[in-house]
$ cat model07.txt   # compact mmCIF, C-alpha atoms
# COMPACT_ATOMS: atom_id res chain seq x y z
CA MET A 1 106.35 105.02 51.95
CA LEU A 2 104.16 108.06 52.38
CA SER A 3 105.48 111.03 54.28
CA LEU A 4 103.77 114.21 55.44
CA THR A 5 105.93 116.43 53.19
CA CYS A 6 103.96 118.86 51.06
CA PRO A 7 104.12 117.67 47.39
CA ALA A 8 104.26 121.20 45.91
CA ARG A 9 107.63 122.97 46.26
CA THR A 10 107.82 126.19 48.27
CA VAL A 11 110.61 128.58 49.11
CA TYR A 12 110.97 126.79 52.47
CA HIS A 13 111.97 123.57 50.69
CA GLU A 14 115.21 125.31 49.66
CA ILE A 15 116.23 125.91 53.29
CA ALA A 16 118.26 123.10 54.89
CA ALA A 17 116.62 120.99 57.64
CA GLY A 18 119.14 122.02 60.34
CA PRO A 19 118.46 125.79 60.36
CA LYS A 20 114.70 125.16 60.20
CA LEU A 21 114.86 122.89 63.26
CA VAL A 22 117.05 125.38 65.17
CA PHE A 23 114.59 128.19 64.35
CA LEU A 24 111.66 126.01 65.46
CA LEU A 25 113.40 125.21 68.75
CA LEU A 26 114.32 128.83 69.50
CA PHE A 27 110.89 130.11 68.46
CA THR A 28 109.06 127.60 70.69
CA MET A 29 111.35 128.25 73.65
CA ALA A 30 110.76 132.00 73.32
CA LEU A 31 107.03 131.42 72.94
CA TYR A 32 106.79 129.51 76.22
CA LEU A 33 109.16 131.90 78.04
CA PHE A 34 107.14 135.05 77.32
CA SER A 35 103.49 135.48 78.26
CA GLU A 36 102.82 139.09 77.22
CA PRO A 37 99.67 138.97 75.06
CA TRP A 38 101.06 141.33 72.39
CA LEU A 39 104.25 139.22 72.00
CA VAL A 40 102.24 136.01 71.67
CA ALA A 41 99.88 137.69 69.19
CA ALA A 42 102.89 138.91 67.17
CA ALA A 43 104.33 135.36 67.13
CA PHE A 44 100.96 134.01 65.96
CA VAL A 45 100.77 136.61 63.16
CA LEU A 46 104.36 135.76 62.12
CA VAL A 47 103.49 132.04 61.85
CA ALA A 48 100.31 132.86 59.90
CA ALA A 49 102.33 135.10 57.54
CA LEU A 50 104.88 132.31 57.02
CA HIS A 51 102.01 130.07 55.93
CA VAL A 52 100.43 132.62 53.60
CA MET A 53 103.68 133.71 51.86
CA PRO A 54 104.07 130.71 49.48
CA GLY A 55 100.32 130.74 48.69
CA ILE A 56 96.98 130.55 50.49
CA TRP A 57 96.75 126.79 49.71
CA LEU A 58 99.55 126.15 52.25
CA LEU A 59 97.50 127.89 54.95
CA PHE A 60 94.50 125.66 54.18
CA ALA A 61 96.69 122.54 54.20
CA ALA A 62 98.10 123.61 57.59
CA LEU A 63 94.62 124.32 58.99
CA ARG A 64 93.55 120.77 58.09
CA ARG A 65 96.45 119.44 60.16
CA LEU A 66 95.48 121.61 63.11
CA ARG A 67 91.98 120.10 63.28
CA PRO A 68 92.82 117.72 66.20
CA LEU A 69 93.61 120.80 68.32
CA VAL A 70 90.07 122.21 68.10
CA TRP A 71 88.68 120.26 71.07
CA PHE A 72 91.77 120.98 73.02
CA LEU A 73 91.52 124.75 72.39
CA ALA A 74 87.86 124.67 73.40
CA VAL A 75 88.76 123.02 76.73
CA VAL A 76 91.54 125.57 77.38
CA LEU A 77 89.18 128.47 76.69
CA ILE A 78 86.31 127.05 78.76
CA TRP A 79 88.65 126.09 81.63
CA ASN A 80 90.09 129.61 81.80
CA ALA A 81 86.73 131.31 81.22
CA VAL A 82 85.26 129.43 84.20
CA GLY A 83 88.21 130.67 86.28
CA GLY A 84 87.55 134.23 85.05
CA GLU A 85 90.82 134.43 83.06
CA ILE A 86 89.63 134.44 79.48
CA LEU A 87 92.70 136.43 78.29
CA LEU A 88 95.02 133.77 79.72
CA GLY A 89 93.00 131.13 77.83
CA VAL A 90 93.34 133.06 74.56
CA VAL A 91 97.10 133.55 75.08
CA THR A 92 97.59 129.82 75.87
CA GLY A 93 95.55 128.87 72.80
CA LEU A 94 97.53 131.22 70.52
CA LYS A 95 100.84 129.90 71.90
CA LEU A 96 99.80 126.33 71.27
CA VAL A 97 98.50 126.94 67.74
CA ALA A 98 101.62 128.95 66.82
CA ALA A 99 104.03 126.27 68.13
CA VAL A 100 102.19 123.32 66.56
CA ALA A 101 101.60 125.15 63.25
CA LEU A 102 105.27 126.09 62.91
CA ALA A 103 106.36 122.53 63.72
CA ASN A 104 103.88 121.22 61.13
CA LEU A 105 105.25 123.74 58.61
CA VAL A 106 108.78 122.40 59.15
CA THR A 107 107.51 118.84 58.61
CA MET A 108 105.53 119.84 55.51
CA THR A 109 108.46 121.64 53.87
CA THR A 110 111.31 119.25 54.73
CA ARG A 111 111.79 116.13 52.67
CA LEU A 112 112.20 112.84 54.54
CA ASP A 113 115.64 112.22 52.98
CA ASP A 114 116.80 115.68 54.18
CA MET A 115 115.69 114.76 57.71
CA LEU A 116 117.43 111.38 57.43
CA SER A 117 120.68 112.95 56.20
CA LEU A 118 120.53 115.40 59.13
CA LEU A 119 120.06 112.44 61.47
CA ARG A 120 123.05 110.68 59.87
CA ARG A 121 125.22 113.78 60.33
CA ALA A 122 124.07 114.10 63.94
CA MET A 123 124.90 110.42 64.59
CA ARG A 124 128.36 110.94 63.06
CA ALA A 125 128.96 113.98 65.28
CA LEU A 126 127.87 112.16 68.44
CA PRO A 127 130.41 109.88 70.15
CA PHE A 128 128.68 106.61 69.15
CA PRO A 129 130.57 103.69 67.59
CA ARG A 130 130.11 103.53 63.78
CA ARG A 131 128.24 100.20 63.97
CA HIS A 132 125.46 101.91 66.00
CA GLY A 133 124.90 104.30 63.10
CA GLN A 134 124.80 101.33 60.68
CA ALA A 135 122.32 99.50 62.92
CA LEU A 136 120.14 102.61 63.13
CA ALA A 137 120.17 103.05 59.35
CA LEU A 138 119.21 99.39 58.87
CA SER A 139 116.47 99.65 61.53
CA VAL A 140 114.96 102.73 59.89
CA ALA A 141 115.03 101.06 56.48
CA LEU A 142 113.46 97.85 57.86
CA VAL A 143 110.70 99.67 59.74
CA VAL A 144 109.88 101.83 56.70
CA ARG A 145 109.78 98.66 54.56
CA PHE A 146 107.77 96.61 57.04
CA ILE A 147 105.08 99.12 57.99
CA PRO A 148 103.16 98.60 54.71
CA VAL A 149 103.71 94.82 55.03
CA MET A 150 102.35 94.75 58.61
CA THR A 151 99.51 97.10 57.69
CA GLU A 152 98.53 94.82 54.79
CA LYS A 153 98.68 91.73 57.03
CA GLY A 154 96.53 93.58 59.58
CA ARG A 155 93.99 94.39 56.86
CA LEU A 156 93.92 90.74 55.78
CA LEU A 157 93.32 89.67 59.39
CA PHE A 158 90.47 92.19 59.69
CA ASP A 159 88.99 90.90 56.41
CA ALA A 160 89.31 87.29 57.57
CA TRP A 161 87.52 88.19 60.79
CA ARG A 162 84.74 89.98 58.90
CA CYS A 163 84.21 86.88 56.72
CA ARG A 164 83.46 84.85 59.83
CA SER A 165 81.71 87.25 62.16
CA THR A 166 79.28 90.14 62.16
CA ARG A 167 81.00 91.61 65.22
CA ARG A 168 83.89 94.09 64.94
CA ALA A 169 87.36 92.54 65.10
CA GLY A 170 89.11 95.29 67.11
CA TRP A 171 91.61 93.91 69.62
CA ARG A 172 90.95 90.28 68.65
CA VAL A 173 93.43 90.44 65.77
CA VAL A 174 96.26 91.76 67.98
CA PRO A 175 97.68 88.35 69.14
CA SER A 176 97.82 87.06 65.54
CA LEU A 177 99.35 90.32 64.32
CA ALA A 178 101.98 90.21 67.09
CA CYS A 179 102.77 86.59 66.19
CA MET A 180 103.19 87.54 62.51
CA ALA A 181 105.46 90.47 63.46
CA ILE A 182 107.65 88.18 65.60
CA ASP A 183 107.87 85.58 62.82
CA ASP A 184 108.78 88.21 60.21
CA ALA A 185 111.40 89.71 62.53
CA ARG A 186 112.98 86.30 63.08
CA HIS A 187 113.11 85.55 59.34
CA ILE A 188 114.64 88.95 58.59
CA ALA A 189 117.17 88.57 61.41
CA ALA A 190 118.19 85.17 60.05
CA ALA A 191 118.53 86.63 56.53
CA CYS A 192 120.59 89.60 57.80
CA ARG A 193 122.85 87.29 59.81
CA ALA A 194 123.37 85.07 56.76
CA ARG A 195 124.54 88.15 54.83
CA GLY A 196 127.07 89.21 57.46
CA GLY A 197 124.74 91.08 59.84
CA ALA A 198 124.73 94.76 60.76
CA GLY A 199 125.42 96.39 64.10
CA GLU A 200 125.35 93.01 65.84
CA GLY A 201 126.84 94.45 69.03
CA LEU A 202 123.90 96.79 69.48
CA TRP A 203 121.25 94.13 69.28
CA ASN A 204 122.87 91.19 71.05
CA ASP A 205 122.09 91.25 74.75
CA ASN A 206 124.78 88.73 75.65
CA MET B 207 107.93 95.83 67.13
CA ALA B 208 108.11 99.40 65.82
CA ALA B 209 106.35 98.25 62.63
CA LEU B 210 103.79 96.36 64.74
CA THR B 211 103.16 99.49 66.80
CA ALA B 212 102.55 101.39 63.56
CA ALA B 213 100.21 98.66 62.29
CA LEU B 214 98.23 98.85 65.56
CA GLY B 215 97.20 102.30 64.36
CA LEU B 216 94.76 100.41 62.11
CA ILE B 217 92.56 99.64 65.10
CA PRO B 218 89.90 102.38 65.26
CA THR B 219 90.55 105.23 67.74
CA PHE B 220 88.45 107.77 69.51
CA THR B 221 89.51 111.22 70.73
CA LEU B 222 88.88 112.43 74.25
CA PRO B 223 87.00 115.74 74.51
CA PHE B 224 90.25 117.58 75.38
CA GLY B 225 92.04 116.52 72.22
CA VAL B 226 94.11 113.47 73.19
CA PRO B 227 93.33 110.38 71.10
CA ILE B 228 92.97 106.90 72.67
CA THR B 229 94.72 104.39 70.39
CA ALA B 230 95.94 100.81 70.49
CA GLN B 231 99.45 102.09 69.84
CA THR B 232 100.11 102.63 73.56
CA MET B 233 99.59 98.90 73.85
CA GLY B 234 102.26 98.43 71.17
CA ILE B 235 104.66 100.32 73.43
CA MET B 236 103.68 98.15 76.40
CA LEU B 237 104.33 95.09 74.20
CA CYS B 238 107.76 96.45 73.21
CA GLY B 239 108.74 96.26 76.88
CA THR B 240 106.99 93.04 77.87
CA ILE B 241 108.22 91.11 74.81
CA LEU B 242 111.62 92.61 73.94
CA GLY B 243 112.74 93.52 77.46
CA SER B 244 113.97 96.85 78.78
CA ARG B 245 116.82 97.81 76.43
CA LEU B 246 115.50 96.55 73.10
CA GLY B 247 111.95 97.63 74.02
CA ALA B 248 113.09 101.18 74.76
CA LEU B 249 115.14 101.23 71.52
CA ALA B 250 112.11 100.05 69.50
CA ALA B 251 109.93 102.76 71.08
CA LEU B 252 112.66 105.36 70.48
CA LEU B 253 112.93 104.29 66.85
CA PHE B 254 109.16 104.59 66.46
CA ILE B 255 108.89 108.12 67.89
CA GLY B 256 112.03 109.09 65.96
CA LEU B 257 110.34 108.10 62.71
CA VAL B 258 107.20 110.00 63.74
CA ALA B 259 109.36 113.09 64.42
CA LEU B 260 111.05 112.71 61.03
CA GLY B 261 107.64 113.13 59.43
CA LEU B 262 106.28 109.64 58.80
CA PRO B 263 102.51 109.41 59.37
CA LEU B 264 102.76 106.41 61.69
CA LEU B 265 100.35 107.37 64.45
CA ALA B 266 96.68 106.38 64.30
CA GLY B 267 94.71 108.43 61.78
CA GLY B 268 97.83 109.07 59.67
CA ARG B 269 99.24 111.60 62.11
CA GLY B 270 102.95 112.34 62.42
CA GLY B 271 105.53 115.09 62.20
CA LEU B 272 107.08 117.53 64.60
CA GLY B 273 103.76 119.23 65.41
CA LEU B 274 102.82 116.33 67.70
CA PHE B 275 105.84 117.05 69.88
CA PHE B 276 104.54 120.55 70.61
CA GLY B 277 100.92 119.55 71.30
CA PRO B 278 99.07 118.15 74.33
CA SER B 279 100.25 114.55 73.75
CA ALA B 280 103.94 115.54 73.57
CA GLY B 281 104.72 114.29 77.08
CA PHE B 282 103.06 110.95 76.42
CA LEU B 283 104.93 110.53 73.11
CA LEU B 284 108.30 111.42 74.63
CA GLY B 285 107.56 109.10 77.55
CA TRP B 286 107.09 106.04 75.31
CA PRO B 287 110.76 104.88 75.42
CA LEU B 288 110.73 105.28 79.22
CA ALA B 289 107.46 103.35 79.44
CA ALA B 290 108.83 100.49 77.32
CA TYR B 291 112.06 100.46 79.34
CA PHE B 292 110.31 100.20 82.70
CA ALA B 293 107.75 97.68 81.43
CA GLY B 294 110.65 95.52 80.22
CA ARG B 295 112.62 96.06 83.41
CA THR B 296 109.65 94.93 85.51
CA MET B 297 109.12 91.89 83.32
CA GLU B 298 112.81 90.95 83.60
CA ALA B 299 112.92 91.37 87.37
CA MET B 300 109.64 89.68 88.24
CA LYS B 301 109.94 85.95 88.62
CA VAL B 302 106.73 85.25 90.57
CA GLY B 303 103.36 84.50 89.00
CA SER B 304 102.11 83.55 85.54
CA VAL B 305 103.43 85.26 82.39
CA PHE B 306 100.03 86.94 81.94
CA PHE B 307 100.07 88.39 85.44
CA ARG B 308 103.70 89.53 85.20
CA ALA B 309 103.23 91.12 81.79
CA ALA B 310 99.98 92.85 82.84
CA TRP B 311 101.65 94.31 85.96
CA ALA B 312 104.71 95.33 83.89
CA ALA B 313 102.39 97.06 81.39
CA VAL B 314 100.55 98.85 84.22
CA PHE B 315 103.82 100.01 85.76
CA GLY B 316 105.59 101.04 82.55
CA GLY B 317 102.65 102.02 80.39
CA MET B 318 100.67 103.82 83.07
CA ILE B 319 102.57 104.75 86.25
CA VAL B 320 105.80 105.73 84.45
CA LEU B 321 104.17 107.05 81.24
CA TYR B 322 101.71 109.33 83.03
CA MET B 323 104.54 111.31 84.69
CA PRO B 324 105.94 112.95 81.50
CA GLY B 325 102.42 112.88 79.98
CA ILE B 326 100.91 114.93 82.80
CA VAL B 327 103.89 117.32 82.86
CA GLY B 328 103.57 117.78 79.06
CA MET B 329 99.84 118.50 79.32
CA ALA B 330 100.44 120.94 82.18
CA ILE B 331 103.06 122.86 80.15
CA THR B 332 101.15 123.01 76.87
CA LEU B 333 97.76 123.72 78.48
CA ASP B 334 99.21 126.08 81.08
CA LEU B 335 97.56 124.06 83.86
CA ALA B 336 98.65 123.04 87.35
CA ILE B 337 99.95 119.46 87.70
CA GLY B 338 96.82 118.55 89.69
CA GLU B 339 94.50 119.89 86.99
CA ALA B 340 96.41 118.06 84.24
CA SER B 341 96.23 114.86 86.35
CA ILE B 342 92.44 115.18 86.52
CA LEU B 343 92.26 115.50 82.70
CA SER B 344 94.62 112.52 82.28
CA ALA B 345 92.47 110.37 84.59
CA ALA B 346 90.14 109.88 81.61
CA PHE B 347 92.79 107.54 80.13
CA LEU B 348 92.82 105.19 83.12
CA PRO B 349 90.04 102.71 82.14
CA GLY B 350 91.30 102.40 78.54
CA ASP B 351 94.91 101.99 79.63
CA LEU B 352 93.99 99.35 82.22
CA ALA B 353 92.21 97.37 79.48
CA LYS B 354 95.25 97.77 77.20
CA ALA B 355 97.57 96.57 79.98
CA GLY B 356 95.40 93.48 80.43
CA LEU B 357 95.48 92.83 76.70
CA ALA B 358 99.26 93.36 76.58
CA GLY B 359 99.51 90.71 79.33
CA ALA B 360 97.30 88.33 77.34
CA VAL B 361 99.28 88.85 74.10
CA THR B 362 102.61 88.34 75.90
CA ALA B 363 101.29 85.16 77.55
CA PHE B 364 100.05 83.95 74.15
CA LEU B 365 103.45 84.60 72.55
CA ALA B 366 105.24 82.93 75.48
CA ARG B 367 103.20 79.82 74.73
CA VAL B 368 103.45 79.75 70.92
CA ARG B 369 106.87 81.46 70.41
CA PRO B 370 108.63 81.10 73.80
CA GLU B 371 112.09 81.90 72.38
CA SER B 372 110.81 85.25 71.09
CA VAL B 373 109.78 86.66 74.46
CA LEU B 374 113.24 88.00 75.29
CA SER B 375 112.15 89.61 78.56
CA LEU B 376 111.62 86.14 80.08
CA THR B 377 115.25 85.12 79.57
CA SER B 378 116.81 88.28 81.09
CA THR B 379 117.13 89.22 84.74
CA GLY B 380 117.41 92.51 86.60
CA TRP B 381 116.04 94.65 89.40
CA CYS B 382 113.12 97.01 89.18
CA PRO B 383 111.34 99.19 91.78
CA ALA B 384 107.99 97.98 90.45
CA VAL B 385 108.79 94.45 91.62
CA SER B 386 109.72 95.69 95.10
CA MET B 387 106.50 97.73 95.12
CA PHE B 388 104.58 94.61 94.15
CA ALA B 389 106.32 92.51 96.86
CA LEU B 390 105.51 95.16 99.48
CA ALA B 391 101.89 95.33 98.34
CA ARG B 392 101.65 91.54 98.49
CA ARG B 393 103.10 91.51 102.01
CA TRP B 394 100.68 94.22 103.07
CA PHE B 395 97.70 92.37 101.61
CA THR B 396 98.81 89.08 103.18
CA GLY B 397 99.14 90.83 106.54
CA ALA B 398 95.73 92.42 106.14
CA PHE B 399 94.15 89.08 105.33
CA ARG B 400 95.84 87.42 108.34
CA LYS B 401 94.38 90.04 110.70
CA LYS B 402 90.89 89.09 109.48
$ encode --input "model07.txt" --output "C-alpha cells"
Amino acid sequence: MLSLTCPARTVYHEIAAGPKLVFLLLFTMALYLFSEPWLVAAAFVLVAALHVMPGIWLLFAALRRLRPLVWFLAVVLIWNAVGGEILLGVVTGLKLVAAVALANLVTMTTRLDDMLSLLRRAMRALPFPRRHGQALALSVALVVRFIPVMTEKGRLLFDAWRCRSTRRAGWRVVPSLACMAIDDARHIAAACRARGGAGEGLWNDN
Amino acid sequence: MAALTAALGLIPTFTLPFGVPITAQTMGIMLCGTILGSRLGALAALLFIGLVALGLPLLAGGRGGLGLFFGPSAGFLLGWPLAAYFAGRTMEAMKVGSVFFRAAWAAVFGGMIVLYMPGIVGMAITLDLAIGEASILSAAFLPGDLAKAGLAGAVTAFLARVRPESVLSLTSTGWCPAVSMFALARRWFTGAFRKK
C-alpha cells in the first residue's frame, strides 16, 4: 500500500511521531490565536526553513502538495482586496500555507508504521476494552488490504463499460461496485468468524 | 464501506474555484449511513478519515495526510462520521415510503444538512470569513450533493433489492429529528394542499 511518506530519509524521520504531532498542534493553535502580521510572517519563514534544512528537494516536494491551495489563496486575496483589507488577506493566506505545509511535512517525514504504533499506544492508554483495539487493528489491516482490490475491481468495471459504450461510465458503475464491496465484506466476515472472529462485540448490533 | 469510499475516488473529480474538490467520496459517506446504519456507518467513516490522517492517499486524486485537516475542507472531512451517523439514524427511524425515498432523504439530512454545519465552520475558520460568507461559498456544493444524495438513494434501493440482508439500516430502529422534520413538513404540505 502506498503512503505519502517521503522515500528519502531526513533528520525529521528520526524524531518520534508523538512529539511531531504535539508540535504541529501547538504551532497551529498559536498560528490561529495570533494575527499580528510579523508573527505570522515569522511562523511562515520558520516553516519554510524547516523545509529547506534537509535539502531544497523537500521544499519542491512540499510545494507540489500545496498546489490544491492555489485557487483557495487567490479567492482569499481577492475577497479581502475587494473589501479593502489586502493585508488581512495576505496574513490569512500565510497562516493557511504555514499550517498546511507543516502538517504535510509531518506526514511526509513520519512512516505509516510509526503512526500506527502511536495509534496503538493511544488506544491502550484510552479506557477502551482490549477487543476494541483488536477490532480496530483488524479493520485497518482489512481496509489497507481491500483498497487495492476494490480499486482494481472499479477499474475492471470502467473497462467493461468502455468496451460496450462510447459514453463515460462515471456514476453508472457505483451500484455494481457497492454490490461487490458488500459481497466481499460478507465473505471476509464469514472467513473471520470461522477463524474465531475478532472484536465481535464491537461489530454486532444485537 | 471504507474501502468502497476509497475506491469511489476513482470517479473523476473537479475542483471548485475556491479550492474544494467535488468528489464521489461524499456519496460513499452517505452510503455508509444508509447501508450500515448509524453506528457502523459512523465507525466506517471514522476509520476512513483516520486512515487519511495517518497518511494514506485515499482521497480522490491521491490526496491524504494531516495537511487536509488544516485546509479549507477540514470541517467537511471531520464532519463525515457525523454525516454517516445521522444518515443512518434517519434511515433507521424512517419507516414510511420506499427505500429509495427514505435513503435519499437520509442522505440529504446526513450528507448535506448535518455535514454542512462543521464544513461551513471549518471554511470560516481557515478562510477567516464570517459564517454567512462561508455559507455562500459552500452553496456551490448544493447541486452536486443533491445529485449524490439521489444516487445514494438509488444505490441503497438497488442493494435492498439484490442483497436485502446487507442493508443493516433497514433492520434497526430508532428516533431521529430528521424524521420528525419530515413528518412536520408532510403535515404542512398536506394542510397547504387541503386549503387549495
$ atom_distance --input "model07.txt" --atom1 "atom CA of A:Leu73" --atom2 "atom CA of B:Leu343"
13.9 Å
$ residues_around --input "model07.txt" --residues "B:Leu274" --least-positions-apart "3" --cutoff "10 Å" --atoms "only C-alpha atoms" --output "list in words"
Val100, Ala101, Ala103 and Asn104 of chain A; Val258, Ala259, Leu265, Arg269, Gly270, Gly271, Gly277, Pro278, Ser279, Ala280, Gly281 and Leu283 of chain B
$ residues_around --input "model07.txt" --residues "stretch 322-336 of chain B" --least-positions-apart "3" --cutoff "6 Å" --atoms "only C-alpha atoms" --output "ChimeraX atom specification"
/B:278,280-282,285,318-319,339-341
$ closest_residue --input "model07.txt" --among "B:Leu321, B:Ile337, B:Ala310, B:Leu357" --to "chain A" --atoms "all atoms listed in the file"
B:Leu357
$ closest_atom_pairs --input "model07.txt" --of "chain A" --to "chain B" --cutoff "8 Å" --atoms "all atoms listed in the file" --output "CSV"
residue,atom,partner,partner_atom,distance
A:Leu2,CA,B:Leu262,CA,6.9
A:Ser3,CA,B:Leu262,CA,4.8
A:Leu4,CA,B:Gly261,CA,5.7
A:Thr5,CA,B:Gly261,CA,7.3
A:Pro68,CA,B:Gly225,CA,6.2
A:Leu69,CA,B:Gly225,CA,6.0
A:Val70,CA,B:Gly225,CA,7.3
A:Trp71,CA,B:Gly225,CA,5.2
A:Phe72,CA,B:Phe224,CA,4.4
A:Leu73,CA,B:Phe224,CA,7.9
A:Ala74,CA,B:Phe224,CA,7.7
A:Val75,CA,B:Phe224,CA,5.8
A:Val76,CA,B:Leu333,CA,6.6
A:Thr92,CA,B:Asp334,CA,6.6
A:Gly93,CA,B:Leu333,CA,8.0
A:Leu96,CA,B:Thr332,CA,6.6
A:Ala99,CA,B:Phe276,CA,6.3
A:Val100,CA,B:Gly273,CA,4.5
A:Ala101,CA,B:Gly273,CA,6.7
A:Leu102,CA,B:Gly273,CA,7.5
A:Ala103,CA,B:Gly273,CA,4.5
A:Asn104,CA,B:Gly273,CA,4.7
A:Val106,CA,B:Leu272,CA,7.5
A:Thr107,CA,B:Gly271,CA,5.6
A:Leu112,CA,B:Leu260,CA,6.6
A:Met115,CA,B:Leu260,CA,6.1
A:Leu116,CA,B:Leu260,CA,7.4
A:Ser139,CA,B:Leu253,CA,7.9
A:Val140,CA,B:Leu253,CA,7.4
A:Val143,CA,B:Ala209,CA,5.4
A:Val144,CA,B:Ala209,CA,7.8
A:Phe146,CA,B:Ala209,CA,6.0
A:Ile147,CA,B:Ala209,CA,4.9
A:Met150,CA,B:Ala213,CA,5.8
A:Thr151,CA,B:Ala213,CA,4.9
A:Gly154,CA,B:Ala213,CA,6.8
A:Gly170,CA,B:Ile217,CA,5.9
A:Trp171,CA,B:Ile217,CA,7.4
A:Val174,CA,B:Val361,CA,7.4
A:Pro175,CA,B:Val361,CA,5.2
A:Leu177,CA,B:Leu210,CA,7.5
A:Ala178,CA,B:Leu210,CA,6.8
A:Cys179,CA,B:Leu365,CA,6.7
A:Ala181,CA,B:Leu210,CA,6.3
A:Ile182,CA,B:Ser372,CA,7.0
A:Trp203,CA,B:Leu246,CA,7.3
$ atom_distance --input "model07.txt" --atom1 "atom CA of B:Met236" --atom2 "atom CA of B:Ala293"
6.5 Å
$ closest_residue --input "model07.txt" --among "A:Leu142, A:Leu126, A:Val22, A:Leu94" --to "A:Ala43" --atoms "all atoms listed in the file"
A:Leu94
$ atom_distance --input "model07.txt" --atom1 "atom CA of A:Cys6" --atom2 "atom CA of A:Leu26"
23.4 Å
$ closest_residue --input "model07.txt" --among "A:Ala160, A:Ala62, A:Ala98, A:Cys192" --to "A:Ala135" --atoms "all atoms listed in the file"
A:Cys192
$ axis_aligned_box --input "model07.txt" --around "stretch 176-182 of chain A" --padding-each-side "3 Å" --output "AutoDock Vina command-line options"
--center_x 102.7 --center_y 88.5 --center_z 64.8 --size_x 15.8 --size_y 9.9 --size_z 10.6
$ build_atoms --input "model07.txt" --residues "stretch 331-349 of chain B" --atoms "N, CA and C atoms" --output "CSV table (one decimal), in the frame of the given file"
chain,number,residue,atom,x,y,z
B,331,ILE,N,102.3,121.8,80.8
B,331,ILE,CA,103.1,122.9,80.2
B,331,ILE,C,102.3,123.4,79.0
B,332,THR,N,101.8,122.5,78.1
B,332,THR,CA,101.2,123.0,76.9
B,332,THR,C,99.8,123.7,77.2
B,333,LEU,N,99.1,123.2,78.2
B,333,LEU,CA,97.8,123.7,78.5
B,333,LEU,C,97.8,124.8,79.5
B,334,ASP,N,99.0,125.1,80.0
B,334,ASP,CA,99.2,126.1,81.1
B,334,ASP,C,98.3,125.8,82.3
B,335,LEU,N,98.4,124.5,82.7
B,335,LEU,CA,97.6,124.1,83.9
B,335,LEU,C,98.5,123.7,85.0
B,336,ALA,N,97.9,123.6,86.2
B,336,ALA,CA,98.6,123.0,87.4
B,336,ALA,C,98.7,121.5,87.2
B,337,ILE,N,99.8,120.9,87.8
B,337,ILE,CA,100.0,119.5,87.7
B,337,ILE,C,98.7,118.7,88.1
B,338,GLY,N,98.0,119.2,89.2
B,338,GLY,CA,96.8,118.6,89.7
B,338,GLY,C,95.7,118.6,88.7
B,339,GLU,N,95.6,119.7,88.0
B,339,GLU,CA,94.5,119.9,87.0
B,339,GLU,C,94.8,119.0,85.8
B,340,ALA,N,96.0,118.9,85.4
B,340,ALA,CA,96.4,118.1,84.2
B,340,ALA,C,96.2,116.6,84.6
B,341,SER,N,96.4,116.2,85.9
B,341,SER,CA,96.2,114.9,86.4
B,341,SER,C,94.8,114.5,86.3
B,342,ILE,N,93.9,115.5,86.6
B,342,ILE,CA,92.4,115.2,86.5
B,342,ILE,C,92.0,114.9,85.1
B,343,LEU,N,92.6,115.7,84.1
B,343,LEU,CA,92.3,115.5,82.7
B,343,LEU,C,92.8,114.1,82.2
B,344,SER,N,94.0,113.8,82.7
B,344,SER,CA,94.6,112.5,82.3
B,344,SER,C,93.9,111.3,82.9
B,345,ALA,N,93.2,111.5,83.9
B,345,ALA,CA,92.5,110.4,84.6
B,345,ALA,C,91.5,109.7,83.6
B,346,ALA,N,91.1,110.5,82.6
B,346,ALA,CA,90.1,109.9,81.6
B,346,ALA,C,90.8,108.7,80.9
B,347,PHE,N,92.1,108.6,80.8
B,347,PHE,CA,92.8,107.5,80.1
B,347,PHE,C,92.8,106.2,80.9
B,348,LEU,N,92.6,106.3,82.3
B,348,LEU,CA,92.8,105.2,83.1
B,348,LEU,C,92.1,103.9,82.7
B,349,PRO,N,90.7,104.0,82.5
B,349,PRO,CA,90.0,102.7,82.1
B,349,PRO,C,90.6,102.1,80.8
